[in-house]
>>> print(open('start07.cif').read())   # mmCIF, N, CA and C atoms
data_structure
#
loop_
_atom_site.label_atom_id
_atom_site.label_comp_id
_atom_site.auth_asym_id
_atom_site.auth_seq_id
_atom_site.Cartn_x
_atom_site.Cartn_y
_atom_site.Cartn_z
N MET A 1 0.85 -1.17 0.00
CA MET A 1 0.00 0.00 0.00
C MET A 1 0.90 1.24 0.00
N VAL A 2 0.54 2.22 -0.79
CA VAL A 2 1.30 3.47 -0.86
C VAL A 2 0.83 4.40 0.26
N VAL A 3 1.79 4.78 1.10
CA VAL A 3 1.50 5.59 2.29
C VAL A 3 2.24 6.91 2.20
N CYS A 4 1.58 7.98 2.64
CA CYS A 4 2.18 9.30 2.70
C CYS A 4 2.22 9.74 4.16
N VAL A 5 3.37 10.27 4.58
CA VAL A 5 3.54 10.74 5.95
C VAL A 5 4.26 12.08 5.94
N PRO A 6 3.81 13.06 6.75
CA PRO A 6 4.55 14.32 6.84
C PRO A 6 5.83 14.10 7.64
N VAL A 7 6.94 14.64 7.16
CA VAL A 7 8.23 14.41 7.82
C VAL A 7 9.00 15.71 8.02
N THR A 8 9.82 15.70 9.05
CA THR A 8 10.74 16.81 9.28
C THR A 8 12.06 16.48 8.59
N THR A 9 12.95 17.45 8.51
CA THR A 9 14.26 17.21 7.90
C THR A 9 15.09 16.26 8.75
N GLU A 10 14.72 16.07 10.02
CA GLU A 10 15.41 15.14 10.91
C GLU A 10 14.87 13.73 10.81
N GLY A 11 13.85 13.51 9.97
CA GLY A 11 13.28 12.17 9.80
C GLY A 11 12.19 11.80 10.78
N LEU A 12 11.66 12.79 11.48
CA LEU A 12 10.57 12.54 12.43
C LEU A 12 9.23 12.80 11.76
N VAL A 13 8.17 12.26 12.35
CA VAL A 13 6.82 12.57 11.87
C VAL A 13 6.55 14.03 12.21
N ASP A 14 6.26 14.83 11.19
CA ASP A 14 5.90 16.23 11.41
C ASP A 14 4.48 16.24 11.97
N PRO A 15 4.26 16.90 13.11
CA PRO A 15 2.91 16.90 13.69
C PRO A 15 1.89 17.67 12.84
N ARG A 16 2.36 18.40 11.83
CA ARG A 16 1.45 19.20 11.00
C ARG A 16 1.22 18.48 9.68
N TRP A 17 0.03 17.99 9.44
CA TRP A 17 -0.27 17.37 8.14
C TRP A 17 -0.56 18.45 7.11
N GLY A 18 -1.58 19.24 7.32
CA GLY A 18 -1.99 20.25 6.34
C GLY A 18 -1.04 21.42 6.19
N ARG A 19 -0.12 21.54 7.14
CA ARG A 19 0.87 22.62 7.09
C ARG A 19 2.30 22.06 7.01
N ALA A 20 2.42 20.82 6.55
CA ALA A 20 3.74 20.19 6.46
C ALA A 20 4.59 20.88 5.39
N ASP A 21 5.89 20.97 5.66
CA ASP A 21 6.85 21.47 4.67
C ASP A 21 7.18 20.37 3.66
N ARG A 22 7.26 19.13 4.17
CA ARG A 22 7.66 18.01 3.31
C ARG A 22 6.89 16.76 3.73
N VAL A 23 6.75 15.86 2.78
CA VAL A 23 6.11 14.57 3.05
C VAL A 23 6.95 13.48 2.41
N ALA A 24 6.78 12.26 2.91
CA ALA A 24 7.43 11.10 2.33
C ALA A 24 6.35 10.17 1.78
N ILE A 25 6.68 9.53 0.68
CA ILE A 25 5.81 8.51 0.08
C ILE A 25 6.59 7.20 0.12
N THR A 26 5.93 6.16 0.61
CA THR A 26 6.57 4.85 0.67
C THR A 26 5.56 3.75 0.40
N GLU A 27 6.06 2.61 -0.02
CA GLU A 27 5.25 1.42 -0.20
C GLU A 27 5.39 0.59 1.08
N VAL A 28 4.27 0.31 1.75
CA VAL A 28 4.29 -0.48 2.98
C VAL A 28 3.69 -1.85 2.67
N THR A 29 4.44 -2.91 2.99
CA THR A 29 3.98 -4.28 2.78
C THR A 29 4.18 -5.07 4.06
N GLY A 30 3.78 -6.32 4.05
CA GLY A 30 4.01 -7.19 5.20
C GLY A 30 5.48 -7.39 5.50
N ASP A 31 6.33 -7.11 4.52
CA ASP A 31 7.78 -7.26 4.71
C ASP A 31 8.46 -5.99 5.21
N GLY A 32 7.73 -4.91 5.33
CA GLY A 32 8.32 -3.64 5.77
C GLY A 32 8.00 -2.52 4.80
N ILE A 33 8.90 -1.53 4.75
CA ILE A 33 8.68 -0.41 3.85
C ILE A 33 9.64 -0.51 2.67
N GLY A 34 9.14 -0.07 1.52
CA GLY A 34 9.94 -0.07 0.31
C GLY A 34 10.64 1.26 0.13
N ALA A 35 10.76 1.65 -1.10
CA ALA A 35 11.43 2.92 -1.43
C ALA A 35 10.80 4.06 -0.63
N TRP A 36 11.64 4.99 -0.24
CA TRP A 36 11.23 6.14 0.58
C TRP A 36 11.60 7.39 -0.20
N GLN A 37 10.61 8.13 -0.67
CA GLN A 37 10.87 9.33 -1.45
C GLN A 37 10.27 10.54 -0.73
N GLU A 38 11.08 11.55 -0.48
CA GLU A 38 10.60 12.76 0.20
C GLU A 38 10.38 13.88 -0.80
N TYR A 39 9.33 14.68 -0.56
CA TYR A 39 8.95 15.78 -1.44
C TYR A 39 8.77 17.04 -0.62
N GLU A 40 9.31 18.15 -1.11
CA GLU A 40 9.06 19.46 -0.52
C GLU A 40 7.71 19.94 -1.05
N VAL A 41 6.69 19.95 -0.20
CA VAL A 41 5.36 20.36 -0.65
C VAL A 41 5.04 21.80 -0.27
N GLY A 42 5.66 22.32 0.78
CA GLY A 42 5.45 23.70 1.18
C GLY A 42 4.04 24.04 1.59
N TRP A 43 3.30 23.05 2.09
CA TRP A 43 1.91 23.31 2.48
C TRP A 43 1.82 24.31 3.62
N ASN A 44 2.90 24.45 4.40
CA ASN A 44 2.88 25.44 5.49
C ASN A 44 2.70 26.85 4.93
N ALA A 45 3.44 27.18 3.88
CA ALA A 45 3.35 28.52 3.28
C ALA A 45 2.09 28.68 2.45
N LEU A 46 1.65 27.60 1.83
CA LEU A 46 0.50 27.66 0.93
C LEU A 46 -0.84 27.57 1.65
N HIS A 47 -0.84 27.09 2.89
CA HIS A 47 -2.08 26.84 3.62
C HIS A 47 -3.02 28.04 3.65
N ASP A 48 -2.49 29.20 3.94
CA ASP A 48 -3.33 30.39 4.07
C ASP A 48 -3.31 31.27 2.81
N ALA A 49 -2.78 30.73 1.72
CA ALA A 49 -2.69 31.51 0.47
C ALA A 49 -4.00 31.55 -0.30
N GLY A 50 -4.97 30.80 0.14
CA GLY A 50 -6.26 30.76 -0.55
C GLY A 50 -7.32 30.22 0.40
N THR A 51 -8.36 29.69 -0.17
CA THR A 51 -9.46 29.15 0.64
C THR A 51 -9.10 27.75 1.15
N GLU A 52 -9.84 27.30 2.14
CA GLU A 52 -9.65 25.94 2.64
C GLU A 52 -9.87 24.94 1.51
N GLY A 53 -10.87 25.20 0.68
CA GLY A 53 -11.16 24.31 -0.45
C GLY A 53 -10.00 24.22 -1.43
N SER A 54 -9.35 25.35 -1.70
CA SER A 54 -8.23 25.31 -2.64
C SER A 54 -7.04 24.57 -2.03
N HIS A 55 -6.85 24.71 -0.73
CA HIS A 55 -5.77 23.97 -0.07
C HIS A 55 -6.06 22.47 -0.10
N HIS A 56 -7.28 22.09 0.20
CA HIS A 56 -7.65 20.68 0.16
C HIS A 56 -7.47 20.11 -1.25
N ALA A 57 -7.81 20.89 -2.25
CA ALA A 57 -7.64 20.46 -3.64
C ALA A 57 -6.15 20.25 -3.95
N ARG A 58 -5.30 21.12 -3.45
CA ARG A 58 -3.84 20.99 -3.65
C ARG A 58 -3.34 19.69 -3.05
N VAL A 59 -3.77 19.39 -1.83
CA VAL A 59 -3.38 18.16 -1.15
C VAL A 59 -3.92 16.95 -1.92
N ALA A 60 -5.18 17.01 -2.32
CA ALA A 60 -5.79 15.90 -3.05
C ALA A 60 -5.06 15.63 -4.36
N ARG A 61 -4.70 16.68 -5.07
CA ARG A 61 -3.97 16.52 -6.34
C ARG A 61 -2.64 15.79 -6.12
N PHE A 62 -1.91 16.21 -5.10
CA PHE A 62 -0.63 15.58 -4.80
C PHE A 62 -0.83 14.09 -4.50
N LEU A 63 -1.81 13.78 -3.66
CA LEU A 63 -2.05 12.39 -3.29
C LEU A 63 -2.46 11.55 -4.50
N LYS A 64 -3.30 12.10 -5.35
CA LYS A 64 -3.71 11.38 -6.56
C LYS A 64 -2.53 11.16 -7.49
N GLU A 65 -1.70 12.18 -7.69
CA GLU A 65 -0.54 12.06 -8.57
C GLU A 65 0.41 10.96 -8.12
N HIS A 66 0.47 10.72 -6.82
CA HIS A 66 1.38 9.72 -6.27
C HIS A 66 0.67 8.42 -5.88
N ARG A 67 -0.60 8.31 -6.26
CA ARG A 67 -1.39 7.10 -6.03
C ARG A 67 -1.39 6.67 -4.56
N VAL A 68 -1.50 7.64 -3.67
CA VAL A 68 -1.49 7.38 -2.24
C VAL A 68 -2.79 6.69 -1.82
N GLU A 69 -2.63 5.62 -1.05
CA GLU A 69 -3.78 4.86 -0.56
C GLU A 69 -4.05 5.09 0.92
N ALA A 70 -3.04 5.58 1.65
CA ALA A 70 -3.20 5.84 3.08
C ALA A 70 -2.33 7.02 3.48
N VAL A 71 -2.81 7.79 4.44
CA VAL A 71 -2.05 8.89 5.02
C VAL A 71 -1.88 8.59 6.49
N MET A 72 -0.64 8.67 6.94
CA MET A 72 -0.31 8.48 8.34
C MET A 72 0.14 9.85 8.86
N ALA A 73 -0.48 10.30 9.93
CA ALA A 73 -0.15 11.62 10.48
C ALA A 73 -0.37 11.62 11.98
N ASN A 74 0.12 12.65 12.64
CA ASN A 74 -0.12 12.80 14.06
C ASN A 74 -1.58 13.17 14.29
N HIS A 75 -2.02 14.21 13.61
CA HIS A 75 -3.42 14.63 13.70
C HIS A 75 -3.76 15.46 12.47
N MET A 76 -5.05 15.65 12.25
CA MET A 76 -5.53 16.56 11.20
C MET A 76 -6.96 16.93 11.53
N GLY A 77 -7.40 18.04 10.95
CA GLY A 77 -8.75 18.52 11.22
C GLY A 77 -9.81 17.64 10.57
N PRO A 78 -11.01 17.65 11.16
CA PRO A 78 -12.11 16.84 10.63
C PRO A 78 -12.41 17.10 9.15
N PRO A 79 -12.35 18.36 8.64
CA PRO A 79 -12.62 18.54 7.22
C PRO A 79 -11.61 17.81 6.32
N MET A 80 -10.35 17.78 6.72
CA MET A 80 -9.34 17.08 5.94
C MET A 80 -9.57 15.58 6.01
N VAL A 81 -9.87 15.07 7.20
CA VAL A 81 -10.17 13.64 7.35
C VAL A 81 -11.33 13.27 6.44
N HIS A 82 -12.38 14.08 6.46
CA HIS A 82 -13.56 13.82 5.63
C HIS A 82 -13.19 13.78 4.15
N MET A 83 -12.41 14.75 3.69
CA MET A 83 -12.02 14.79 2.28
C MET A 83 -11.23 13.54 1.90
N LEU A 84 -10.27 13.17 2.72
CA LEU A 84 -9.44 12.00 2.42
C LEU A 84 -10.28 10.73 2.38
N GLU A 85 -11.17 10.58 3.34
CA GLU A 85 -12.03 9.40 3.36
C GLU A 85 -12.94 9.35 2.14
N ARG A 86 -13.44 10.50 1.70
CA ARG A 86 -14.27 10.55 0.48
C ARG A 86 -13.46 10.15 -0.75
N MET A 87 -12.15 10.40 -0.71
CA MET A 87 -11.27 10.01 -1.81
C MET A 87 -10.93 8.52 -1.75
N GLY A 88 -11.30 7.86 -0.66
CA GLY A 88 -10.96 6.46 -0.48
C GLY A 88 -9.58 6.25 0.12
N VAL A 89 -9.00 7.31 0.69
CA VAL A 89 -7.68 7.24 1.32
C VAL A 89 -7.87 6.89 2.79
N LYS A 90 -7.19 5.85 3.25
CA LYS A 90 -7.26 5.46 4.65
C LYS A 90 -6.47 6.48 5.48
N VAL A 91 -7.03 6.90 6.60
CA VAL A 91 -6.40 7.89 7.48
C VAL A 91 -5.98 7.20 8.78
N LEU A 92 -4.68 7.27 9.07
CA LEU A 92 -4.12 6.68 10.29
C LEU A 92 -3.52 7.79 11.12
N LEU A 93 -4.13 8.09 12.27
CA LEU A 93 -3.69 9.22 13.10
C LEU A 93 -2.96 8.74 14.36
N GLY A 94 -2.25 9.64 14.99
CA GLY A 94 -1.54 9.35 16.22
C GLY A 94 -0.07 9.01 16.02
N ALA A 95 0.44 9.17 14.80
CA ALA A 95 1.84 8.84 14.51
C ALA A 95 2.78 9.84 15.18
N ILE A 96 3.84 9.32 15.79
CA ILE A 96 4.86 10.17 16.43
C ILE A 96 6.23 9.52 16.26
N GLY A 97 7.27 10.29 16.52
CA GLY A 97 8.62 9.74 16.51
C GLY A 97 9.22 9.60 15.13
N ASP A 98 10.11 8.62 14.99
CA ASP A 98 10.80 8.35 13.74
C ASP A 98 9.79 7.98 12.66
N ALA A 99 9.82 8.70 11.55
CA ALA A 99 8.82 8.51 10.49
C ALA A 99 8.89 7.12 9.86
N ARG A 100 10.07 6.60 9.64
CA ARG A 100 10.20 5.26 9.04
C ARG A 100 9.69 4.19 9.99
N GLU A 101 10.03 4.31 11.26
CA GLU A 101 9.53 3.36 12.25
C GLU A 101 8.01 3.44 12.36
N ALA A 102 7.47 4.65 12.31
CA ALA A 102 6.02 4.82 12.37
C ALA A 102 5.36 4.17 11.16
N ALA A 103 5.99 4.32 9.97
CA ALA A 103 5.45 3.69 8.76
C ALA A 103 5.45 2.17 8.90
N ILE A 104 6.51 1.62 9.45
CA ILE A 104 6.57 0.17 9.67
C ILE A 104 5.46 -0.26 10.63
N GLY A 105 5.18 0.57 11.62
CA GLY A 105 4.13 0.27 12.59
C GLY A 105 2.73 0.28 12.00
N THR A 106 2.57 0.82 10.80
CA THR A 106 1.23 0.85 10.20
C THR A 106 0.88 -0.45 9.49
N ILE A 107 1.83 -1.37 9.36
CA ILE A 107 1.60 -2.60 8.59
C ILE A 107 0.38 -3.34 9.12
N ASP A 108 0.27 -3.51 10.44
CA ASP A 108 -0.88 -4.22 11.01
C ASP A 108 -2.18 -3.45 10.75
N SER A 109 -2.14 -2.13 10.86
CA SER A 109 -3.34 -1.31 10.62
C SER A 109 -3.82 -1.42 9.19
N LEU A 110 -2.89 -1.52 8.26
CA LEU A 110 -3.24 -1.55 6.84
C LEU A 110 -3.74 -2.91 6.40
N SER A 111 -3.40 -3.96 7.12
CA SER A 111 -3.80 -5.30 6.70
C SER A 111 -5.21 -5.65 7.15
N THR A 112 -5.81 -4.79 7.98
CA THR A 112 -7.16 -5.07 8.46
C THR A 112 -8.19 -4.38 7.62
#
>>> encode(input="start07.cif", output="structure tokens")
Amino acid sequence: MVVCVPVTTEGLVDPRWGRADRVAITEVTGDGIGAWQEYEVGWNALHDAGTEGSHHARVARFLKEHRVEAVMANHMGPPMVHMLERMGVKVLLGAIGDAREAAIGTIDSLST
């Protein structure tokens, strides 16, 4: 499953999903995580540059372009959760610490 997680430059889970500077995309399987690609998305600067709807559309476009099936984050607002769920993207909240370790920890959640 293709998972997206907000990350800091230190490799930790960024507590800000909708205002993340960068995110990582990885393939999570029963064997662990595959390739790990980080992207500078700049959602922190772009968040207030328009309407909430335009920001959500920006996030949705990125996720669709990368075929993301699940988002792992510390927290996010109910409108974002609603949008992601309507897109068919699984939302996994409460992630903290090392981003790669957190991604590995989602394997059980994703298999159910």
>>> atom_distance(input="start07.cif", atom1="atom C of Pro78 in chain A", atom2="atom N of Thr9 in chain A")
25.4 Å
>>> closest_atom_pairs(input="start07.cif", of="range 83-105 of chain A", to="range 13-24 of chain A", cutoff="9 Å", atoms="only C-alpha atoms", output="Markdown table")
| residue | atom | partner | partner_atom | distance |
| --- | --- | --- | --- | --- |
| A:Ala95 | CA | A:Val13 | CA | 6.8 |
| A:Ile96 | CA | A:Val13 | CA | 5.5 |
| A:Gly97 | CA | A:Val13 | CA | 5.7 |
| A:Asp98 | CA | A:Val13 | CA | 6.1 |
| A:Ala99 | CA | A:Val13 | CA | 4.7 |
| A:Arg100 | CA | A:Val13 | CA | 8.5 |
| A:Ala102 | CA | A:Val13 | CA | 7.8 |
>>> residues_near_point(input="start07.cif", point="(-9.2, 5.4, 10.0)", cutoff="12 Å", atoms="only C-alpha atoms", output="PyMOL selection string")
chain A and resi 69-73+75-76+78+81-82+84-86+88-94+106+109-110+112
>>> write_last_selection(input="start07.cif", atoms="N, CA and C atoms", output="PDB file, in the coordinates of the input")
ATOM      1  N   GLU A  69      -2.630   5.620  -1.050  1.00  0.00           N
ATOM      2  CA  GLU A  69      -3.780   4.860  -0.560  1.00  0.00           C
ATOM      3  C   GLU A  69      -4.050   5.090   0.920  1.00  0.00           C
ATOM      4  N   ALA A  70      -3.040   5.580   1.650  1.00  0.00           N
ATOM      5  CA  ALA A  70      -3.200   5.840   3.080  1.00  0.00           C
ATOM      6  C   ALA A  70      -2.330   7.020   3.480  1.00  0.00           C
ATOM      7  N   VAL A  71      -2.810   7.790   4.440  1.00  0.00           N
ATOM      8  CA  VAL A  71      -2.050   8.890   5.020  1.00  0.00           C
ATOM      9  C   VAL A  71      -1.880   8.590   6.490  1.00  0.00           C
ATOM     10  N   MET A  72      -0.640   8.670   6.940  1.00  0.00           N
ATOM     11  CA  MET A  72      -0.310   8.480   8.340  1.00  0.00           C
ATOM     12  C   MET A  72       0.140   9.850   8.860  1.00  0.00           C
ATOM     13  N   ALA A  73      -0.480  10.300   9.930  1.00  0.00           N
ATOM     14  CA  ALA A  73      -0.150  11.620  10.480  1.00  0.00           C
ATOM     15  C   ALA A  73      -0.370  11.620  11.980  1.00  0.00           C
ATOM     16  N   HIS A  75      -2.020  14.210  13.610  1.00  0.00           N
ATOM     17  CA  HIS A  75      -3.420  14.630  13.700  1.00  0.00           C
ATOM     18  C   HIS A  75      -3.760  15.460  12.470  1.00  0.00           C
ATOM     19  N   MET A  76      -5.050  15.650  12.250  1.00  0.00           N
ATOM     20  CA  MET A  76      -5.530  16.560  11.200  1.00  0.00           C
ATOM     21  C   MET A  76      -6.960  16.930  11.530  1.00  0.00           C
ATOM     22  N   PRO A  78     -11.010  17.650  11.160  1.00  0.00           N
ATOM     23  CA  PRO A  78     -12.110  16.840  10.630  1.00  0.00           C
ATOM     24  C   PRO A  78     -12.410  17.100   9.150  1.00  0.00           C
ATOM     25  N   VAL A  81      -9.870  15.070   7.200  1.00  0.00           N
ATOM     26  CA  VAL A  81     -10.170  13.640   7.350  1.00  0.00           C
ATOM     27  C   VAL A  81     -11.330  13.270   6.440  1.00  0.00           C
ATOM     28  N   HIS A  82     -12.380  14.080   6.460  1.00  0.00           N
ATOM     29  CA  HIS A  82     -13.560  13.820   5.630  1.00  0.00           C
ATOM     30  C   HIS A  82     -13.190  13.780   4.150  1.00  0.00           C
ATOM     31  N   LEU A  84     -10.270  13.170   2.720  1.00  0.00           N
ATOM     32  CA  LEU A  84      -9.440  12.000   2.420  1.00  0.00           C
ATOM     33  C   LEU A  84     -10.280  10.730   2.380  1.00  0.00           C
ATOM     34  N   GLU A  85     -11.170  10.580   3.340  1.00  0.00           N
ATOM     35  CA  GLU A  85     -12.030   9.400   3.360  1.00  0.00           C
ATOM     36  C   GLU A  85     -12.940   9.350   2.140  1.00  0.00           C
ATOM     37  N   ARG A  86     -13.440  10.500   1.700  1.00  0.00           N
ATOM     38  CA  ARG A  86     -14.270  10.550   0.480  1.00  0.00           C
ATOM     39  C   ARG A  86     -13.460  10.150  -0.750  1.00  0.00           C
ATOM     40  N   GLY A  88     -11.300   7.860  -0.660  1.00  0.00           N
ATOM     41  CA  GLY A  88     -10.960   6.460  -0.480  1.00  0.00           C
ATOM     42  C   GLY A  88      -9.580   6.250   0.120  1.00  0.00           C
ATOM     43  N   VAL A  89      -9.000   7.310   0.690  1.00  0.00           N
ATOM     44  CA  VAL A  89      -7.680   7.240   1.320  1.00  0.00           C
ATOM     45  C   VAL A  89      -7.870   6.890   2.790  1.00  0.00           C
ATOM     46  N   LYS A  90      -7.190   5.850   3.250  1.00  0.00           N
ATOM     47  CA  LYS A  90      -7.260   5.460   4.650  1.00  0.00           C
ATOM     48  C   LYS A  90      -6.470   6.480   5.480  1.00  0.00           C
ATOM     49  N   VAL A  91      -7.030   6.900   6.600  1.00  0.00           N
ATOM     50  CA  VAL A  91      -6.400   7.890   7.480  1.00  0.00           C
ATOM     51  C   VAL A  91      -5.980   7.200   8.780  1.00  0.00           C
ATOM     52  N   LEU A  92      -4.680   7.270   9.070  1.00  0.00           N
ATOM     53  CA  LEU A  92      -4.120   6.680  10.290  1.00  0.00           C
ATOM     54  C   LEU A  92      -3.520   7.790  11.120  1.00  0.00           C
ATOM     55  N   LEU A  93      -4.130   8.090  12.270  1.00  0.00           N
ATOM     56  CA  LEU A  93      -3.690   9.220  13.100  1.00  0.00           C
ATOM     57  C   LEU A  93      -2.960   8.740  14.360  1.00  0.00           C
ATOM     58  N   GLY A  94      -2.250   9.640  14.990  1.00  0.00           N
ATOM     59  CA  GLY A  94      -1.540   9.350  16.220  1.00  0.00           C
ATOM     60  C   GLY A  94      -0.070   9.010  16.020  1.00  0.00           C
ATOM     61  N   THR A 106       2.570   0.820  10.800  1.00  0.00           N
ATOM     62  CA  THR A 106       1.230   0.850  10.200  1.00  0.00           C
ATOM     63  C   THR A 106       0.880  -0.450   9.490  1.00  0.00           C
ATOM     64  N   SER A 109      -2.140  -2.130  10.860  1.00  0.00           N
ATOM     65  CA  SER A 109      -3.340  -1.310  10.620  1.00  0.00           C
ATOM     66  C   SER A 109      -3.820  -1.420   9.190  1.00  0.00           C
ATOM     67  N   LEU A 110      -2.890  -1.520   8.260  1.00  0.00           N
ATOM     68  CA  LEU A 110      -3.240  -1.550   6.840  1.00  0.00           C
ATOM     69  C   LEU A 110      -3.740  -2.910   6.400  1.00  0.00           C
ATOM     70  N   THR A 112      -5.810  -4.790   7.980  1.00  0.00           N
ATOM     71  CA  THR A 112      -7.160  -5.070   8.460  1.00  0.00           C
ATOM     72  C   THR A 112      -8.190  -4.380   7.620  1.00  0.00           C
TER      73      THR A 112
END
>>> axis_aligned_box(input="start07.cif", around="range 11-25 of chain A", padding_each_side="3 Å", output="AutoDock Vina command-line options")
--center_x 5.9 --center_y 14.9 --center_z 6.9 --size_x 21.8 --size_y 21.4 --size_z 19.6
>>> select_by_dssp(input="start07.cif", residues="chain A", states="strand (DSSP E)", output="VMD selection string")
chain A and resid 2 to 7 22 to 29 32 to 40 70 to 73 90 to 93
